[in-house]
Amino acid sequence: MTALIFSVLASACIFLIFKLFPKWGIDTFQAIVFNYFTAFICGIALFHNEWQASSWTHREWLAPAVIASLLFISLFVIMGLSAQRNGVAPTSIAVKMSMALSVITMIAFYHEPLSVLKISGIILAIAGVVSVSIPAKTDDVEARSPWMLLVLFIGSGLLDVVLNVTQERFLAHLSPSLFSAIGFGFAGLLGLLILMVQIVLRKARFEWKNLIAGIILGIPNYFSIYLLLAAYTSTGWTDSTVLAVINVSVVGLAAVLGWLIFKEKMTKLRMIGFLGAIGAIVCIYFSEI
């Protein structure tokens, strides 16, 4: 349970940090690039003793690490922009309610039983995302980007599946902690390449505050993934239940903090979406008991 609880806290911190970037005048993309190097260093520094010599000869983890890195950086960029444009609550719900897609995949992949409660939970999750994606009449329509919520919903579901399948099938010779670090390292290298091109073309300028912001972001980012992988093996629950409980907890915590700290607007549709998210997890959780 410890891994699960701290995974929730780390994930909620990510949304709040993104929301603060505009107030600090932070370049989101630069911070994301440096965040991945920070996450890589965290993993290597803390868990380098878990490295096995057989990891080089059994490299079945390499392809999933590359795929995860591509999803890490692309989704993180969109997540940061969405938190700033759409708000913390809608963004967190779109990201975490992607578990509906993940649960469907896990049911098919692992032949988990499909019940009425689980089907109801999936439907509620999708309805919740649709509800929070609809702009309020008083919102600045130009500032909002509902398409980002849909991309995050689908992409985050894919990332959850990649991480889960990797944990179950490809980490016989590499620990989850080091896999997370390597995936972040690949993402950092890709982001650095893009950033260097931007600087050469004078479309971006390096600033130290972006580096500092990346360090602040990278620490909870690393542990959100590492602890998610750890929770799969430490709780004794089925994978879909672990994912569901973590996601709804993040949604609830991020939404409450977004409303309290940033005074994000509470509309009837967003409340429906929030309640739908809670209902989705309740249905899925009890379907596993």
# chains A, B, ... in the order shown; residues from 1 in each chain; ligands from 1
call {"tool": "residues_around", "arguments": {"residues": "segment 204-213 of chain A", "least_positions_apart": "2", "cutoff": "8 Å", "atoms": "only C-alpha atoms", "output": "VMD selection string"}}
result
chain A and resid 21 26 to 28 30 to 31 34 to 35 195 198 to 199 201 to 202 215 to 217
call {"tool": "write_last_selection", "arguments": {"atoms": "N, CA and C atoms", "output": "PDB file, in the first residue's frame"}}
result
ATOM      1  N   PHE A  21       3.961  26.610 -13.758  1.00  0.00           N
ATOM      2  CA  PHE A  21       4.994  27.038 -14.710  1.00  0.00           C
ATOM      3  C   PHE A  21       4.724  28.428 -15.298  1.00  0.00           C
ATOM      4  N   ILE A  26       8.159  29.829 -16.816  1.00  0.00           N
ATOM      5  CA  ILE A  26       8.953  28.673 -17.220  1.00  0.00           C
ATOM      6  C   ILE A  26       8.584  28.229 -18.631  1.00  0.00           C
ATOM      7  N   ASP A  27       9.601  27.901 -19.435  1.00  0.00           N
ATOM      8  CA  ASP A  27       9.387  27.291 -20.740  1.00  0.00           C
ATOM      9  C   ASP A  27       9.071  25.811 -20.490  1.00  0.00           C
ATOM     10  N   THR A  28       7.837  25.413 -20.752  1.00  0.00           N
ATOM     11  CA  THR A  28       7.386  24.057 -20.408  1.00  0.00           C
ATOM     12  C   THR A  28       8.232  22.982 -21.069  1.00  0.00           C
ATOM     13  N   GLN A  30      11.376  23.073 -22.240  1.00  0.00           N
ATOM     14  CA  GLN A  30      12.719  22.981 -21.668  1.00  0.00           C
ATOM     15  C   GLN A  30      12.693  22.295 -20.308  1.00  0.00           C
ATOM     16  N   ALA A  31      11.712  22.644 -19.487  1.00  0.00           N
ATOM     17  CA  ALA A  31      11.601  22.020 -18.165  1.00  0.00           C
ATOM     18  C   ALA A  31      11.368  20.517 -18.291  1.00  0.00           C
ATOM     19  N   PHE A  34      14.729  18.734 -19.133  1.00  0.00           N
ATOM     20  CA  PHE A  34      15.605  18.615 -17.965  1.00  0.00           C
ATOM     21  C   PHE A  34      14.986  17.728 -16.898  1.00  0.00           C
ATOM     22  N   ASN A  35      13.673  17.650 -16.859  1.00  0.00           N
ATOM     23  CA  ASN A  35      12.989  16.771 -15.920  1.00  0.00           C
ATOM     24  C   ASN A  35      13.346  15.312 -16.194  1.00  0.00           C
ATOM     25  N   LEU A 195      15.483  20.269 -28.542  1.00  0.00           N
ATOM     26  CA  LEU A 195      15.809  21.561 -27.949  1.00  0.00           C
ATOM     27  C   LEU A 195      17.039  22.189 -28.605  1.00  0.00           C
ATOM     28  N   GLN A 198      16.079  23.696 -31.812  1.00  0.00           N
ATOM     29  CA  GLN A 198      15.353  24.951 -31.571  1.00  0.00           C
ATOM     30  C   GLN A 198      16.310  26.091 -31.242  1.00  0.00           C
ATOM     31  N   ILE A 199      17.336  25.794 -30.438  1.00  0.00           N
ATOM     32  CA  ILE A 199      18.302  26.828 -30.060  1.00  0.00           C
ATOM     33  C   ILE A 199      19.122  27.270 -31.261  1.00  0.00           C
ATOM     34  N   LEU A 201      18.238  27.173 -34.357  1.00  0.00           N
ATOM     35  CA  LEU A 201      17.355  27.950 -35.237  1.00  0.00           C
ATOM     36  C   LEU A 201      16.848  29.224 -34.557  1.00  0.00           C
ATOM     37  N   ARG A 202      17.328  29.468 -33.321  1.00  0.00           N
ATOM     38  CA  ARG A 202      16.953  30.655 -32.549  1.00  0.00           C
ATOM     39  C   ARG A 202      15.449  30.739 -32.271  1.00  0.00           C
ATOM     40  N   ILE A 215      14.286  20.086 -12.671  1.00  0.00           N
ATOM     41  CA  ILE A 215      14.727  19.268 -11.531  1.00  0.00           C
ATOM     42  C   ILE A 215      13.565  19.072 -10.551  1.00  0.00           C
ATOM     43  N   ILE A 216      12.837  20.159 -10.290  1.00  0.00           N
ATOM     44  CA  ILE A 216      11.693  20.081  -9.374  1.00  0.00           C
ATOM     45  C   ILE A 216      10.642  19.116  -9.909  1.00  0.00           C
ATOM     46  N   LEU A 217      10.418  19.136 -11.224  1.00  0.00           N
ATOM     47  CA  LEU A 217       9.421  18.266 -11.851  1.00  0.00           C
ATOM     48  C   LEU A 217       9.894  16.825 -11.944  1.00  0.00           C
TER      49      LEU A 217
END
call {"tool": "closest_atom_pairs", "arguments": {"of": "segment 185-247 of chain A", "to": "segment 54-73 of chain A", "cutoff": "10 Å", "atoms": "only C-alpha atoms", "output": "CSV"}}
result
residue,atom,partner,partner_atom,distance
A:Gly185,CA,A:Ser69,CA,7.8
A:Phe186,CA,A:Ser69,CA,5.7
A:Ala187,CA,A:Ser69,CA,4.5
A:Gly188,CA,A:Ile73,CA,7.9
A:Leu189,CA,A:Ser69,CA,9.5
A:Leu190,CA,A:Leu70,CA,8.2
A:Gly191,CA,A:Ile73,CA,7.2
call {"tool": "residues_around", "arguments": {"residues": "Thr91 of chain A", "least_positions_apart": "3", "cutoff": "12 Å", "atoms": "only C-alpha atoms", "output": "MDAnalysis selection string"}}
result
chainID A and resid 12 14:16 18:19 75:76 78:88 94:98 128:133 144:153 156 250:252 254:255 258 264 270 273:274
call {"tool": "select_by_dssp", "arguments": {"residues": "segment 76-233 of chain A", "states": "alpha helix (DSSP H)", "output": "number ranges by chain"}}
result
A: 76-85, 88-96, 99-110, 116-133, 146-169, 176-200, 208-233
call {"tool": "write_last_selection", "arguments": {"atoms": "C-alpha atoms", "output": "CSV table (one decimal), in the first residue's frame"}}
result
chain,number,residue,atom,x,y,z
A,76,PHE,CA,4.2,15.1,-21.0
A,77,VAL,CA,4.4,18.0,-23.4
A,78,ILE,CA,0.7,17.8,-24.0
A,79,MET,CA,-0.1,17.3,-20.4
A,80,GLY,CA,1.8,20.4,-19.4
A,81,LEU,CA,0.1,22.6,-22.0
A,82,SER,CA,-3.3,21.1,-21.1
A,83,ALA,CA,-2.9,21.8,-17.4
A,84,GLN,CA,-2.2,25.4,-18.2
A,85,ARG,CA,-5.0,25.8,-20.8
A,88,VAL,CA,-5.6,20.8,-13.5
A,89,ALA,CA,-8.9,19.0,-12.8
A,90,PRO,CA,-9.9,18.3,-16.4
A,91,THR,CA,-6.4,17.3,-17.4
A,92,SER,CA,-5.9,14.9,-14.4
A,93,ILE,CA,-9.3,13.3,-15.1
A,94,ALA,CA,-8.5,12.8,-18.8
A,95,VAL,CA,-5.1,11.3,-18.0
A,96,LYS,CA,-6.2,9.1,-15.2
A,99,MET,CA,-7.5,3.5,-17.2
A,100,ALA,CA,-10.8,2.5,-18.9
A,101,LEU,CA,-8.8,1.7,-22.1
A,102,SER,CA,-6.1,0.1,-20.0
A,103,VAL,CA,-8.6,-2.1,-18.2
A,104,ILE,CA,-10.2,-3.3,-21.4
A,105,THR,CA,-6.7,-4.2,-22.8
A,106,MET,CA,-5.7,-6.0,-19.6
A,107,ILE,CA,-9.0,-8.0,-19.5
A,108,ALA,CA,-8.3,-9.2,-23.1
A,109,PHE,CA,-4.6,-9.8,-22.6
A,110,TYR,CA,-4.8,-11.6,-19.3
A,116,VAL,CA,-21.5,-5.9,-15.3
A,117,LEU,CA,-19.7,-3.8,-12.6
A,118,LYS,CA,-16.5,-3.6,-14.7
A,119,ILE,CA,-18.4,-2.7,-17.8
A,120,SER,CA,-20.3,0.0,-15.9
A,121,GLY,CA,-17.0,1.4,-14.6
A,122,ILE,CA,-15.6,1.7,-18.1
A,123,ILE,CA,-18.7,3.5,-19.4
A,124,LEU,CA,-18.6,5.9,-16.4
A,125,ALA,CA,-14.9,6.7,-17.0
A,126,ILE,CA,-15.5,7.6,-20.7
A,127,ALA,CA,-18.6,9.7,-19.8
A,128,GLY,CA,-16.5,11.5,-17.2
A,129,VAL,CA,-13.8,12.4,-19.7
A,130,VAL,CA,-16.4,13.7,-22.1
A,131,SER,CA,-18.1,15.8,-19.4
A,132,VAL,CA,-14.9,17.6,-18.3
A,133,SER,CA,-13.8,18.2,-21.9
A,146,PRO,CA,-10.3,20.1,-25.6
A,147,TRP,CA,-8.5,18.0,-28.2
A,148,MET,CA,-5.6,17.7,-25.8
A,149,LEU,CA,-7.8,15.9,-23.3
A,150,LEU,CA,-8.8,13.3,-25.9
A,151,VAL,CA,-5.2,12.7,-26.9
A,152,LEU,CA,-4.1,12.4,-23.3
A,153,PHE,CA,-7.0,9.9,-22.6
A,154,ILE,CA,-5.9,7.6,-25.5
A,155,GLY,CA,-2.2,8.1,-25.1
A,156,SER,CA,-2.1,7.6,-21.4
A,157,GLY,CA,-4.1,4.4,-21.7
A,158,LEU,CA,-1.5,3.1,-24.2
A,159,LEU,CA,1.3,4.1,-21.9
A,160,ASP,CA,-0.3,2.2,-19.0
A,161,VAL,CA,-0.6,-0.9,-21.1
A,162,VAL,CA,3.1,-0.7,-22.3
A,163,LEU,CA,4.3,-0.3,-18.7
A,164,ASN,CA,2.1,-3.1,-17.4
A,165,VAL,CA,3.0,-5.6,-20.2
A,166,THR,CA,6.7,-4.7,-19.7
A,167,GLN,CA,6.4,-5.3,-16.0
A,168,GLU,CA,4.8,-8.7,-16.6
A,169,ARG,CA,6.8,-10.0,-19.6
A,176,PRO,CA,11.4,-1.9,-12.6
A,177,SER,CA,13.4,1.0,-11.0
A,178,LEU,CA,16.2,0.8,-13.7
A,179,PHE,CA,13.7,0.3,-16.5
A,180,SER,CA,12.0,3.5,-15.5
A,181,ALA,CA,15.3,5.4,-15.3
A,182,ILE,CA,16.4,4.1,-18.8
A,183,GLY,CA,13.1,5.0,-20.3
A,184,PHE,CA,13.3,8.5,-18.9
A,185,GLY,CA,16.9,8.8,-20.1
A,186,PHE,CA,15.9,8.0,-23.7
A,187,ALA,CA,13.1,10.6,-23.5
A,188,GLY,CA,15.6,13.1,-22.2
A,189,LEU,CA,18.0,12.5,-25.1
A,190,LEU,CA,15.2,12.9,-27.7
A,191,GLY,CA,14.0,16.1,-26.0
A,192,LEU,CA,17.5,17.4,-25.8
A,193,LEU,CA,18.0,16.8,-29.6
A,194,ILE,CA,14.8,18.8,-30.3
A,195,LEU,CA,15.8,21.6,-27.9
A,196,MET,CA,19.3,21.9,-29.5
A,197,VAL,CA,17.7,22.3,-33.0
A,198,GLN,CA,15.4,25.0,-31.6
A,199,ILE,CA,18.3,26.8,-30.1
A,200,VAL,CA,20.3,26.6,-33.3
A,208,TRP,CA,18.7,28.5,-15.8
A,209,LYS,CA,15.2,28.8,-14.3
A,210,ASN,CA,14.0,26.1,-16.8
A,211,LEU,CA,16.7,23.8,-15.6
A,212,ILE,CA,15.7,24.3,-12.0
A,213,ALA,CA,12.0,23.8,-12.8
A,214,GLY,CA,13.0,20.6,-14.6
A,215,ILE,CA,14.7,19.3,-11.5
A,216,ILE,CA,11.7,20.1,-9.4
A,217,LEU,CA,9.4,18.3,-11.9
A,218,GLY,CA,11.7,15.3,-12.5
A,219,ILE,CA,11.8,14.0,-8.9
A,220,PRO,CA,8.0,13.3,-8.5
A,221,ASN,CA,7.9,12.2,-12.2
A,222,TYR,CA,10.4,9.4,-11.6
A,223,PHE,CA,8.7,8.1,-8.5
A,224,SER,CA,5.2,8.3,-10.0
A,225,ILE,CA,6.3,5.6,-12.6
A,226,TYR,CA,8.6,3.6,-10.4
A,227,LEU,CA,6.0,3.4,-7.6
A,228,LEU,CA,3.3,2.4,-10.1
A,229,LEU,CA,5.3,-0.5,-11.2
A,230,ALA,CA,6.1,-1.4,-7.6
A,231,ALA,CA,2.4,-1.3,-6.7
A,232,TYR,CA,1.6,-3.9,-9.3
A,233,THR,CA,3.7,-6.5,-7.4
